[in-house]
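Trainee: To be precise about what I am sending: the file is called coords37.cif and holds mmCIF, C-alpha atoms.
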data_data
#
loop_
_atom_site.label_atom_id
_atom_site.label_comp_id
_atom_site.auth_asym_id
_atom_site.auth_seq_id
_atom_site.Cartn_x
_atom_site.Cartn_y
_atom_site.Cartn_z
CA MET A 30 -178.93 -55.64 -155.91
CA SER A 31 -180.79 -57.90 -153.53
CA THR A 32 -180.29 -61.66 -153.50
CA ARG A 33 -182.90 -64.28 -154.43
CA ILE A 34 -183.29 -65.49 -150.86
CA TYR A 35 -183.81 -61.93 -149.62
CA ASP A 36 -186.40 -61.34 -152.36
CA CYS A 37 -188.17 -64.56 -151.44
CA LEU A 38 -188.30 -63.67 -147.72
CA LYS A 39 -189.53 -60.21 -148.67
CA ALA A 40 -192.25 -61.73 -150.84
CA ILE A 41 -193.36 -63.95 -147.93
CA GLY A 42 -193.33 -60.93 -145.62
CA GLU A 43 -195.38 -58.81 -148.00
CA ARG A 44 -197.96 -61.56 -148.47
CA ILE A 45 -198.25 -62.04 -144.68
CA ILE A 46 -198.62 -58.29 -144.21
CA GLU A 47 -201.33 -58.16 -146.92
CA ASN A 48 -203.19 -60.89 -145.04
CA LYS A 49 -202.83 -59.26 -141.63
CA ASP A 50 -206.53 -58.53 -141.14
CA PHE A 51 -207.62 -61.87 -142.59
CA LEU A 52 -205.34 -63.81 -140.21
CA THR A 53 -206.36 -61.68 -137.24
CA ASP A 54 -210.06 -62.20 -138.03
CA LEU A 55 -209.52 -65.97 -138.14
CA ASP A 56 -207.77 -65.75 -134.79
CA ARG A 57 -210.58 -63.60 -133.34
CA GLU A 58 -212.96 -66.55 -133.89
CA ILE A 59 -211.01 -69.06 -131.84
CA GLY A 60 -207.95 -67.39 -130.33
CA ASP A 61 -206.80 -64.04 -129.05
CA ALA A 62 -207.09 -61.98 -132.26
CA ASP A 63 -203.40 -61.27 -132.61
CA HIS A 64 -202.04 -63.72 -135.19
CA GLY A 65 -202.15 -61.33 -138.16
CA VAL A 66 -200.88 -58.35 -136.20
CA ASN A 67 -198.05 -60.36 -134.64
CA MET A 68 -197.00 -62.04 -137.88
CA ALA A 69 -197.10 -58.75 -139.78
CA ARG A 70 -194.90 -57.12 -137.13
CA GLY A 71 -192.50 -60.08 -137.28
CA PHE A 72 -192.19 -60.07 -141.05
CA GLN A 73 -191.81 -56.29 -141.16
CA GLY A 74 -188.80 -57.01 -138.95
CA VAL A 75 -187.58 -59.75 -141.31
CA ILE A 76 -187.79 -57.40 -144.32
CA GLU A 77 -185.80 -54.76 -142.41
CA LYS A 78 -183.23 -56.94 -140.65
CA VAL A 79 -182.19 -59.63 -143.12
CA PRO A 80 -179.36 -58.09 -145.18
CA GLU A 81 -180.47 -57.54 -148.79
CA ASP A 82 -177.13 -58.83 -150.07
CA GLU A 83 -177.12 -62.08 -148.05
CA ALA A 84 -176.65 -64.86 -150.59
CA ASP A 85 -176.17 -67.73 -148.11
CA ILE A 86 -179.69 -69.16 -147.76
CA GLY A 87 -178.89 -70.67 -144.37
CA ALA A 88 -177.60 -67.37 -142.98
CA ALA A 89 -180.62 -65.47 -144.30
CA LEU A 90 -183.10 -67.99 -142.83
CA LYS A 91 -181.26 -67.95 -139.50
CA LYS A 92 -181.45 -64.17 -139.33
CA ALA A 93 -185.14 -64.34 -140.29
CA GLY A 94 -185.74 -66.91 -137.51
CA MET A 95 -183.95 -64.85 -134.86
CA THR A 96 -185.91 -61.78 -135.94
CA LEU A 97 -189.23 -63.65 -135.65
CA LEU A 98 -188.24 -64.84 -132.14
CA SER A 99 -187.76 -61.27 -131.00
CA THR A 100 -190.49 -59.39 -132.87
CA VAL A 101 -193.62 -61.54 -133.22
CA GLY A 102 -194.55 -61.50 -129.52
CA GLY A 103 -197.03 -64.36 -129.37
CA ALA A 104 -196.60 -68.12 -129.64
CA SER A 105 -196.07 -67.84 -133.40
CA GLY A 106 -192.74 -66.16 -132.61
CA PRO A 107 -190.99 -69.16 -131.08
CA LEU A 108 -192.86 -71.55 -133.41
CA TYR A 109 -192.06 -69.84 -136.71
CA GLY A 110 -188.68 -68.68 -135.37
CA THR A 111 -187.72 -72.25 -134.53
CA ALA A 112 -189.04 -73.50 -137.91
CA TYR A 113 -186.91 -70.98 -139.83
CA MET A 114 -183.84 -71.66 -137.71
CA GLU A 115 -184.15 -75.42 -138.15
CA ALA A 116 -184.65 -74.98 -141.92
CA ALA A 117 -181.58 -72.71 -141.91
CA LYS A 118 -179.38 -75.61 -140.80
CA VAL A 119 -180.24 -77.54 -143.97
CA PHE A 120 -179.23 -74.58 -146.16
CA ALA A 121 -176.08 -73.53 -144.29
CA GLY A 122 -173.55 -72.30 -146.86
CA LYS A 123 -175.87 -72.95 -149.81
CA THR A 124 -177.01 -70.46 -152.43
CA GLU A 125 -179.34 -72.71 -154.47
CA VAL A 126 -182.52 -74.60 -153.56
CA THR A 127 -183.07 -78.17 -154.71
CA GLY A 128 -186.21 -80.21 -154.16
CA GLU A 129 -184.36 -82.56 -151.83
CA ASP A 130 -183.00 -79.71 -149.69
CA PHE A 131 -186.41 -78.06 -149.58
CA LYS A 132 -187.91 -81.36 -148.45
CA ALA A 133 -185.23 -81.75 -145.78
CA SER A 134 -185.84 -78.20 -144.58
CA LEU A 135 -189.58 -78.88 -144.19
CA ALA A 136 -188.77 -82.03 -142.22
CA ALA A 137 -186.45 -80.03 -139.97
CA ALA A 138 -189.10 -77.33 -139.51
CA ILE A 139 -191.72 -79.96 -138.59
CA GLU A 140 -189.45 -81.47 -135.94
CA GLY A 141 -188.67 -78.01 -134.56
CA ILE A 142 -192.35 -77.05 -134.32
CA LYS A 143 -193.29 -80.39 -132.73
CA LYS A 144 -190.63 -79.96 -130.08
CA ARG A 145 -191.37 -76.29 -129.42
CA GLY A 146 -195.15 -76.62 -129.35
CA HIS A 147 -195.29 -80.12 -127.84
CA ALA A 148 -197.75 -80.78 -130.67
CA GLU A 149 -198.58 -83.53 -133.11
CA LYS A 150 -200.65 -83.69 -136.27
CA GLY A 151 -204.42 -83.48 -135.74
CA GLU A 152 -204.42 -80.85 -132.99
CA LYS A 153 -205.61 -77.95 -135.18
CA THR A 154 -202.24 -76.27 -135.61
CA MET A 155 -199.84 -75.26 -138.38
CA LEU A 156 -198.64 -78.88 -138.42
CA ASP A 157 -201.96 -79.87 -140.01
CA ALA A 158 -200.92 -77.93 -143.12
CA LEU A 159 -197.17 -78.53 -142.97
CA ILE A 160 -197.11 -82.29 -142.45
CA PRO A 161 -199.43 -83.11 -145.41
CA ALA A 162 -197.43 -80.65 -147.53
CA TYR A 163 -194.20 -82.42 -146.60
CA ASP A 164 -195.69 -85.89 -147.18
CA THR A 165 -196.98 -84.90 -150.61
CA LEU A 166 -193.74 -83.19 -151.63
CA SER A 167 -191.79 -86.21 -150.51
CA GLU A 168 -194.06 -88.62 -152.39
CA LYS A 169 -193.97 -86.56 -155.60
CA LEU A 170 -190.18 -86.19 -155.53
CA SER A 171 -189.76 -89.92 -154.94
CA GLY A 172 -192.09 -90.54 -157.87
CA GLY A 173 -189.81 -88.53 -160.15
CA SER A 174 -191.70 -85.22 -160.25
CA GLU A 175 -189.86 -81.96 -160.84
CA PHE A 176 -189.46 -79.75 -157.75
CA LEU A 177 -191.98 -77.13 -158.86
CA GLU A 178 -194.58 -79.72 -159.75
CA ALA A 179 -194.06 -81.40 -156.38
CA LEU A 180 -194.31 -78.02 -154.62
CA GLU A 181 -197.57 -77.27 -156.43
CA ALA A 182 -199.01 -80.55 -155.12
CA ALA A 183 -197.64 -79.78 -151.64
CA CYS A 184 -199.49 -76.43 -151.64
CA GLN A 185 -202.68 -78.23 -152.59
CA ALA A 186 -202.14 -80.64 -149.68
CA ALA A 187 -201.51 -77.70 -147.32
CA ASN A 188 -204.81 -76.13 -148.41
CA GLU A 189 -206.60 -79.40 -147.80
CA GLY A 190 -204.92 -79.43 -144.40
CA VAL A 191 -206.39 -76.00 -143.65
CA GLU A 192 -209.83 -77.32 -144.63
CA PHE A 193 -209.25 -80.32 -142.36
CA THR A 194 -208.58 -77.98 -139.40
CA LYS A 195 -212.20 -76.80 -139.72
CA THR A 196 -213.39 -80.30 -138.86
CA ILE A 197 -211.44 -80.86 -135.66
CA ALA A 198 -211.31 -79.40 -132.16
CA ALA A 199 -208.21 -77.60 -130.93
CA THR A 200 -206.19 -79.18 -128.14
CA LYS A 201 -203.27 -76.71 -128.21
CA GLY A 202 -203.00 -73.01 -127.55
CA ARG A 203 -205.74 -70.54 -126.72
CA ALA A 204 -208.21 -72.23 -129.09
CA SER A 205 -208.16 -75.32 -126.85
CA TYR A 206 -210.10 -73.32 -124.22
CA LEU A 207 -213.02 -73.48 -126.68
CA GLY A 208 -212.77 -77.25 -127.12
CA GLU A 209 -215.57 -78.53 -129.37
CA ARG A 210 -216.68 -74.97 -130.09
CA SER A 211 -213.49 -74.49 -132.14
CA ILE A 212 -214.92 -76.93 -134.72
CA GLY A 213 -216.05 -75.13 -137.86
CA HIS A 214 -213.23 -72.60 -137.79
CA GLN A 215 -210.01 -72.89 -139.75
CA ASP A 216 -206.73 -72.62 -137.86
CA PRO A 217 -204.92 -69.29 -138.34
CA GLY A 218 -201.46 -70.88 -138.00
CA ALA A 219 -202.20 -73.53 -140.62
CA THR A 220 -203.44 -70.68 -142.82
CA SER A 221 -200.33 -68.51 -142.48
CA LEU A 222 -198.17 -71.59 -143.07
CA THR A 223 -200.05 -72.31 -146.31
CA ILE A 224 -199.71 -68.67 -147.40
CA THR A 225 -195.95 -69.06 -146.83
CA LEU A 226 -195.70 -72.19 -149.00
CA GLU A 227 -197.81 -70.64 -151.75
CA THR A 228 -195.64 -67.55 -151.79
CA ILE A 229 -192.50 -69.68 -152.12
CA ARG A 230 -194.18 -71.57 -155.00
CA ASP A 231 -195.18 -68.34 -156.75
CA PHE A 232 -191.72 -66.88 -156.22
CA LEU A 233 -189.94 -69.93 -157.67
CA LYS A 234 -192.30 -70.00 -160.64
CA GLY A 235 -191.17 -66.42 -161.23
CA MET B 1 -176.30 -67.00 -105.80
CA VAL B 2 -178.88 -68.57 -108.12
CA GLY B 3 -180.32 -65.92 -110.42
CA LEU B 4 -183.96 -65.44 -111.44
CA VAL B 5 -185.41 -64.24 -114.74
CA LEU B 6 -189.00 -63.02 -114.68
CA VAL B 7 -190.84 -63.47 -117.98
CA SER B 8 -194.27 -62.00 -118.62
CA HIS B 9 -196.17 -60.76 -121.67
CA SER B 10 -196.41 -57.49 -119.81
CA ALA B 11 -193.30 -55.45 -118.96
CA LYS B 12 -195.26 -53.97 -116.04
CA ILE B 13 -196.05 -57.39 -114.56
CA ALA B 14 -192.40 -58.46 -114.77
CA GLU B 15 -191.14 -55.14 -113.37
CA GLY B 16 -193.78 -55.10 -110.64
CA LEU B 17 -192.89 -58.63 -109.62
CA LYS B 18 -189.23 -57.63 -109.48
CA ASP B 19 -190.14 -54.71 -107.17
CA LEU B 20 -192.20 -57.02 -104.98
CA THR B 21 -189.36 -59.54 -104.79
CA ALA B 22 -186.87 -56.79 -103.91
CA GLU B 23 -188.90 -56.20 -100.71
CA ILE B 24 -187.97 -59.62 -99.43
CA ALA B 25 -184.64 -60.12 -101.22
CA PRO B 26 -183.17 -56.61 -101.39
CA ASP B 27 -179.59 -57.81 -101.69
CA HIS B 28 -180.14 -60.21 -104.58
CA LYS B 29 -178.62 -58.55 -107.65
CA GLY B 30 -179.43 -61.37 -110.03
CA ILE B 31 -183.19 -60.93 -110.38
CA ILE B 32 -183.81 -59.69 -113.91
CA SER B 33 -187.15 -58.85 -115.52
CA ALA B 34 -187.71 -59.67 -119.18
CA GLY B 35 -191.32 -58.69 -119.76
CA GLY B 36 -193.00 -57.46 -122.94
CA MET B 37 -191.40 -56.58 -126.25
CA GLU B 38 -188.54 -54.25 -126.95
CA ASP B 39 -190.96 -51.62 -128.31
CA GLY B 40 -193.03 -51.82 -125.13
CA SER B 41 -195.92 -53.80 -126.59
CA ILE B 42 -197.41 -56.92 -125.02
CA GLY B 43 -195.63 -60.14 -125.94
CA THR B 44 -192.57 -62.25 -125.21
CA ASP B 45 -189.14 -62.10 -126.84
CA ALA B 46 -186.87 -65.15 -126.67
CA VAL B 47 -183.77 -63.15 -127.55
CA ARG B 48 -184.33 -60.66 -124.72
CA ILE B 49 -185.00 -63.52 -122.32
CA SER B 50 -181.71 -65.18 -123.28
CA GLU B 51 -179.86 -61.91 -122.61
CA ALA B 52 -181.59 -61.64 -119.23
CA ILE B 53 -180.46 -65.18 -118.37
CA ARG B 54 -176.84 -64.23 -119.12
CA GLN B 55 -177.19 -61.15 -116.96
CA ALA B 56 -178.77 -63.05 -114.06
CA ASN B 57 -176.09 -65.73 -114.02
CA ASP B 58 -173.14 -65.37 -111.62
CA GLY B 59 -172.05 -68.96 -112.15
CA ASP B 60 -174.55 -70.63 -109.82
CA GLY B 61 -177.21 -70.92 -112.52
CA VAL B 62 -180.58 -69.33 -113.24
CA VAL B 63 -184.23 -70.26 -112.75
CA VAL B 64 -186.64 -68.78 -115.29
CA MET B 65 -190.15 -67.94 -114.10
CA ALA B 66 -192.71 -67.52 -116.91
CA ASP B 67 -196.35 -66.54 -117.18
CA LEU B 68 -198.73 -68.02 -119.76
CA GLY B 69 -198.66 -69.47 -123.27
CA SER B 70 -195.83 -68.02 -125.30
CA GLY B 71 -194.11 -66.95 -122.08
CA VAL B 72 -193.25 -70.61 -121.62
CA MET B 73 -192.46 -71.23 -125.29
CA SER B 74 -190.21 -68.18 -125.60
CA SER B 75 -188.42 -69.14 -122.38
CA GLU B 76 -187.75 -72.66 -123.71
CA THR B 77 -186.45 -71.12 -126.92
CA ALA B 78 -184.23 -68.70 -124.97
CA ILE B 79 -182.71 -71.60 -123.03
CA GLU B 80 -181.95 -73.39 -126.31
CA LEU B 81 -180.29 -70.29 -127.73
CA LEU B 82 -177.79 -70.56 -124.85
CA GLU B 83 -177.09 -74.26 -125.45
CA ASP B 84 -173.45 -73.66 -126.37
CA GLU B 85 -172.79 -71.48 -123.34
CA ASP B 86 -171.82 -72.76 -119.93
CA ILE B 87 -174.92 -71.59 -118.04
CA LYS B 88 -177.01 -73.88 -115.85
CA VAL B 89 -180.60 -72.82 -116.44
CA LYS B 90 -183.99 -74.29 -115.60
CA LEU B 91 -187.54 -73.22 -116.43
CA ALA B 92 -189.84 -73.54 -113.42
CA ASP B 93 -193.26 -75.14 -113.80
CA ALA B 94 -194.83 -72.88 -111.20
CA PRO B 95 -197.20 -69.94 -110.67
CA ILE B 96 -195.08 -66.90 -111.44
CA VAL B 97 -195.80 -64.66 -108.42
CA GLU B 98 -195.78 -67.23 -105.62
CA GLY B 99 -193.00 -69.20 -107.28
CA THR B 100 -190.77 -66.17 -107.71
CA ILE B 101 -191.08 -65.13 -104.07
CA ALA B 102 -190.34 -68.66 -102.85
CA ALA B 103 -187.42 -69.02 -105.26
CA ALA B 104 -185.95 -65.67 -104.24
CA VAL B 105 -186.08 -66.59 -100.54
CA SER B 106 -184.44 -69.92 -101.31
CA ALA B 107 -181.74 -68.28 -103.44
CA MET B 108 -181.04 -65.69 -100.73
CA VAL B 109 -180.22 -68.39 -98.18
CA GLY B 110 -177.71 -69.90 -100.59
CA SER B 111 -179.62 -72.87 -101.99
CA ASP B 112 -178.36 -74.51 -105.18
CA LEU B 113 -180.15 -74.46 -108.53
CA GLU B 114 -182.18 -77.62 -107.97
CA ALA B 115 -183.34 -76.45 -104.53
CA VAL B 116 -184.37 -73.02 -105.83
CA LEU B 117 -186.27 -74.68 -108.66
CA LYS B 118 -188.00 -76.98 -106.18
CA ALA B 119 -188.94 -74.04 -103.95
CA ALA B 120 -190.67 -72.43 -106.93
CA GLU B 121 -192.36 -75.62 -108.07
CA ASP B 122 -193.54 -76.51 -104.56
CA CYS B 123 -195.89 -73.51 -104.90
CA ARG B 124 -197.98 -75.29 -107.51
CA GLY B 125 -200.38 -76.77 -105.00
CA VAL B 126 -200.39 -74.01 -102.41
CA ARG B 127 -203.89 -72.94 -101.42
CA LYS B 128 -204.70 -69.36 -100.50
CA ILE B 129 -207.88 -69.91 -98.50
CA ASN B 130 -208.74 -72.64 -95.97
CA ASN B 131 -205.32 -74.24 -96.19
#
Here is the file; what I need is its structure written in the form of structure tokens.
Mentor:
Amino acid sequence: MSTRIYDCLKAIGERIIENKDFLTDLDREIGDADHGVNMARGFQGVIEKVPEDEADIGAALKKAGMTLLSTVGGASGPLYGTAYMEAAKVFAGKTEVTGEDFKASLAAAIEGIKKRGHAEKGEKTMLDALIPAYDTLSEKLSGGSEFLEALEAACQAANEGVEFTKTIAATKGRASYLGERSIGHQDPGATSLTITLETIRDFLKG
Amino acid sequence: MVGLVLVSHSAKIAEGLKDLTAEIAPDHKGIISAGGMEDGSIGTDAVRISEAIRQANDGDGVVVMADLGSGVMSSETAIELLEDEDIKVKLADAPIVEGTIAAAVSAMVGSDLEAVLKAAEDCRGVRKINN
């Protein structure tokens, strides 16, 4: 029987693969039309390479991160790979997810992505979904919300973040070549990041 | 001798650059190409790059030469993957073809890691016409 963390990673992978054409079309507007294809290839690798019986969440996330590094191909590889590997450190040796650990793993992922991409919030990247999601989760947990309720609000914030990316010009990655002309288009990375959070939410809701 | 790792999205670019470099540095055994993905498609693979760095290192260190975009990001990731290993490695901020040739020449005459890196990076401002 497969473990919960494997099933969750598989669910994320399947959702990314389902959205392959959607993500690629978004990337065709402002990038190099490979985000969906690359992410789908990476998560096909994750589904195949993470051991189904891995119960240690940290070990499973680390394997997922290493797989993304070597199979995605584009910039999303080192970005998502680093995010998963940083999150893995928070869950090393753990087999359960708490709201606090999830929050800490998002914080670790944000730091990893910032360092890897030399990016900050407001540059039309995945951080524009992830940072509001983290802030909202953090605020809700501090306010006494249950984890799932806080995660629901975080997904809402991530979606608003995706909407926000339509209003700003890209200054990172291929989309930055377009400058002001990237305004009006949503960022593919922020979109795939939001799909990831929503899949985790749906999975935990069961 | 300082090793070189050649990173490109295209395996053919990295291999071709290695062939070109071999013309001027035929005896340098530590020039390793790490272009494209394992399955031959276009892209960069941080894990393959980190293996290439290990292979290129004979103890004197390695300079990584990368092409565009994720070539740089995957190379930085590869260097971090080797954090716990005793390998001196630097990523050059330089044009990959000119920088690789200059770095190879510098490595061949026995320069140290910093000097090889500088040889590559000194190519940043080199003009091709009317210089």
Trainee: I would like the residues chosen by the PyMOL selection byres ((chain B and resi 106-109) around 12) on the shown file; could you give them as a ChimeraX atom specification?
Mentor: /B:1-4,21-22,24-31,60-63,99-105,110-122
Trainee: Kindly indicate which residue among A:Leu166, A:Leu156, A:Ile76, A:Ile197 lies nearest to A:Leu108, using all atoms listed in the file for the distances.
Mentor: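 Closest candidate: A:Leu156.
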Trainee: Can you list what the PyMOL selection byres ((chain A) within 12 of (chain B)) grabs from this structure, as number ranges by chain?
Mentor: A: 60-61, 63-64, 66-67, 70-71, 94-112, 114, 141-147, 201-205
Trainee: Write the residues of the selection above to a file with C-alpha atoms, as a PDB file, keeping the file's coordinate frame.
Mentor:
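The result, written out as part.pdb:
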ATOM      1  CA  GLY A  60    -207.950 -67.390-130.330  1.00  0.00           C
ATOM      2  CA  ASP A  61    -206.800 -64.040-129.050  1.00  0.00           C
ATOM      3  CA  ASP A  63    -203.400 -61.270-132.610  1.00  0.00           C
ATOM      4  CA  HIS A  64    -202.040 -63.720-135.190  1.00  0.00           C
ATOM      5  CA  VAL A  66    -200.880 -58.350-136.200  1.00  0.00           C
ATOM      6  CA  ASN A  67    -198.050 -60.360-134.640  1.00  0.00           C
ATOM      7  CA  ARG A  70    -194.900 -57.120-137.130  1.00  0.00           C
ATOM      8  CA  GLY A  71    -192.500 -60.080-137.280  1.00  0.00           C
ATOM      9  CA  GLY A  94    -185.740 -66.910-137.510  1.00  0.00           C
ATOM     10  CA  MET A  95    -183.950 -64.850-134.860  1.00  0.00           C
ATOM     11  CA  THR A  96    -185.910 -61.780-135.940  1.00  0.00           C
ATOM     12  CA  LEU A  97    -189.230 -63.650-135.650  1.00  0.00           C
ATOM     13  CA  LEU A  98    -188.240 -64.840-132.140  1.00  0.00           C
ATOM     14  CA  SER A  99    -187.760 -61.270-131.000  1.00  0.00           C
ATOM     15  CA  THR A 100    -190.490 -59.390-132.870  1.00  0.00           C
ATOM     16  CA  VAL A 101    -193.620 -61.540-133.220  1.00  0.00           C
ATOM     17  CA  GLY A 102    -194.550 -61.500-129.520  1.00  0.00           C
ATOM     18  CA  GLY A 103    -197.030 -64.360-129.370  1.00  0.00           C
ATOM     19  CA  ALA A 104    -196.600 -68.120-129.640  1.00  0.00           C
ATOM     20  CA  SER A 105    -196.070 -67.840-133.400  1.00  0.00           C
ATOM     21  CA  GLY A 106    -192.740 -66.160-132.610  1.00  0.00           C
ATOM     22  CA  PRO A 107    -190.990 -69.160-131.080  1.00  0.00           C
ATOM     23  CA  LEU A 108    -192.860 -71.550-133.410  1.00  0.00           C
ATOM     24  CA  TYR A 109    -192.060 -69.840-136.710  1.00  0.00           C
ATOM     25  CA  GLY A 110    -188.680 -68.680-135.370  1.00  0.00           C
ATOM     26  CA  THR A 111    -187.720 -72.250-134.530  1.00  0.00           C
ATOM     27  CA  ALA A 112    -189.040 -73.500-137.910  1.00  0.00           C
ATOM     28  CA  MET A 114    -183.840 -71.660-137.710  1.00  0.00           C
ATOM     29  CA  GLY A 141    -188.670 -78.010-134.560  1.00  0.00           C
ATOM     30  CA  ILE A 142    -192.350 -77.050-134.320  1.00  0.00           C
ATOM     31  CA  LYS A 143    -193.290 -80.390-132.730  1.00  0.00           C
ATOM     32  CA  LYS A 144    -190.630 -79.960-130.080  1.00  0.00           C
ATOM     33  CA  ARG A 145    -191.370 -76.290-129.420  1.00  0.00           C
ATOM     34  CA  GLY A 146    -195.150 -76.620-129.350  1.00  0.00           C
ATOM     35  CA  HIS A 147    -195.290 -80.120-127.840  1.00  0.00           C
ATOM     36  CA  LYS A 201    -203.270 -76.710-128.210  1.00  0.00           C
ATOM     37  CA  GLY A 202    -203.000 -73.010-127.550  1.00  0.00           C
ATOM     38  CA  ARG A 203    -205.740 -70.540-126.720  1.00  0.00           C
ATOM     39  CA  ALA A 204    -208.210 -72.230-129.090  1.00  0.00           C
ATOM     40  CA  SER A 205    -208.160 -75.320-126.850  1.00  0.00           C
TER      41      SER A 205
END
Trainee: Leaving out A:Leu135 and any residue of its chain fewer than 3 positions from it, which residues lie within 8 Å of it when counting all atoms listed in the file, given as a ChimeraX atom specification?
Mentor: /A:116,131-132,138-139,159,163
Trainee: Just write the chosen residues, C-alpha atoms, as a JSON list (two decimals), keeping the file's coordinate frame.
Mentor:
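Generated file (part09.json):
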[["chain", "number", "residue", "atom", "x", "y", "z"],
["A", 116, "ALA", "CA", -184.65, -74.98, -141.92],
["A", 131, "PHE", "CA", -186.41, -78.06, -149.58],
["A", 132, "LYS", "CA", -187.91, -81.36, -148.45],
["A", 138, "ALA", "CA", -189.10, -77.33, -139.51],
["A", 139, "ILE", "CA", -191.72, -79.96, -138.59],
["A", 159, "LEU", "CA", -197.17, -78.53, -142.97],
["A", 163, "TYR", "CA", -194.20, -82.42, -146.60]]
Trainee: On this structure, which residues satisfy the PyMOL selection byres ((chain A and resi 85) around 9), written as a ChimeraX atom specification?
Mentor: /A:34,83-84,86-90,120-125
Trainee: Write out as a PDB file with C-alpha atoms, in the frame of the given file the residues lying within 6 Å of stretch 213-222 of chain A, counting all atoms listed in the file and excluding same-chain residues fewer than 5 positions away.
Mentor:
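Result file selection-v1.pdb:
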ATOM      1  CA  LEU A  52    -205.340 -63.810-140.210  1.00  0.00           C
ATOM      2  CA  LEU A  55    -209.520 -65.970-138.140  1.00  0.00           C
ATOM      3  CA  ASP A  56    -207.770 -65.750-134.790  1.00  0.00           C
ATOM      4  CA  THR A 154    -202.240 -76.270-135.610  1.00  0.00           C
ATOM      5  CA  MET A 155    -199.840 -75.260-138.380  1.00  0.00           C
ATOM      6  CA  ALA A 158    -200.920 -77.930-143.120  1.00  0.00           C
ATOM      7  CA  VAL A 191    -206.390 -76.000-143.650  1.00  0.00           C
ATOM      8  CA  THR A 194    -208.580 -77.980-139.400  1.00  0.00           C
ATOM      9  CA  LYS A 195    -212.200 -76.800-139.720  1.00  0.00           C
ATOM     10  CA  THR A 196    -213.390 -80.300-138.860  1.00  0.00           C
TER      11      THR A 196
END
Trainee: Work out how far atom CA of B:Cys123 is from atom CA of B:Gln55, in Å to one decimal.
Mentor: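 Spanning atom CA of B:Gln55 to atom CA of B:Cys123 is a straight-line distance of 25.5 Å.
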Trainee: Kindly give the distance, in Å, that separates atom CA of A:Ala117 and atom CA of A:Glu77, rounded to a single decimal.
Mentor: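 Atom CA of A:Glu77 lies at a distance of 18.4 Å from atom CA of A:Ala117.
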Trainee: Restricting the calculation to all atoms listed in the file, which member of B:Val7, B:Ala34, B:Ile53, B:Val97 is positioned closest to B:Ala66?
Mentor: B:Val7
Trainee: What does the distance between atom CA of B:Pro95 and atom CA of A:Glu140 come to in Å, to one decimal place?
Mentor: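 Between atom CA of B:Pro95 and atom CA of A:Glu140 the gap works out to 28.8 Å.
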Trainee: Is it possible to get the axis-aligned box enclosing stretch 65-71 of chain B (all listed atoms, 5 Å extra per side) as lines of an AutoDock Vina configuration file, with centre and edge lengths in Å rounded to one decimal?
Mentor:
center_x = -194.4
center_y = -68.0
center_z = -119.7
size_x = 18.6
size_y = 12.9
size_z = 21.2
Trainee: Between B:Leu68, B:Ile129, B:Ile87, B:Ala11, which has the minimum distance to B:Gly40 (counting only C-alpha atoms)?
Mentor: B:Ala11
Trainee: Quick one: residues within 7 Å of B:Ile32, all atoms listed in the file, excluding same-chain residues fewer than 3 positions away - as a PyMOL selection string?
Mentor: chain B and resi 4-6+52+56
Trainee: Need the shell around A:Thr225: protein/DNA/RNA residues with any atom at most 9 Å away, counting only C-alpha atoms. Skip same-chain ones fewer than 3 positions apart. Format as an MDAnalysis selection string?
Mentor: chainID A and resid 41:42 44:45 220:222 228:230
Trainee: Nearest to A:Glu192: which of A:Ile212, A:Gly235, A:Leu207, A:Ala179 is it, counting all atoms listed in the file?
Mentor: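 Smallest separation from A:Glu192 among the options: A:Ile212.
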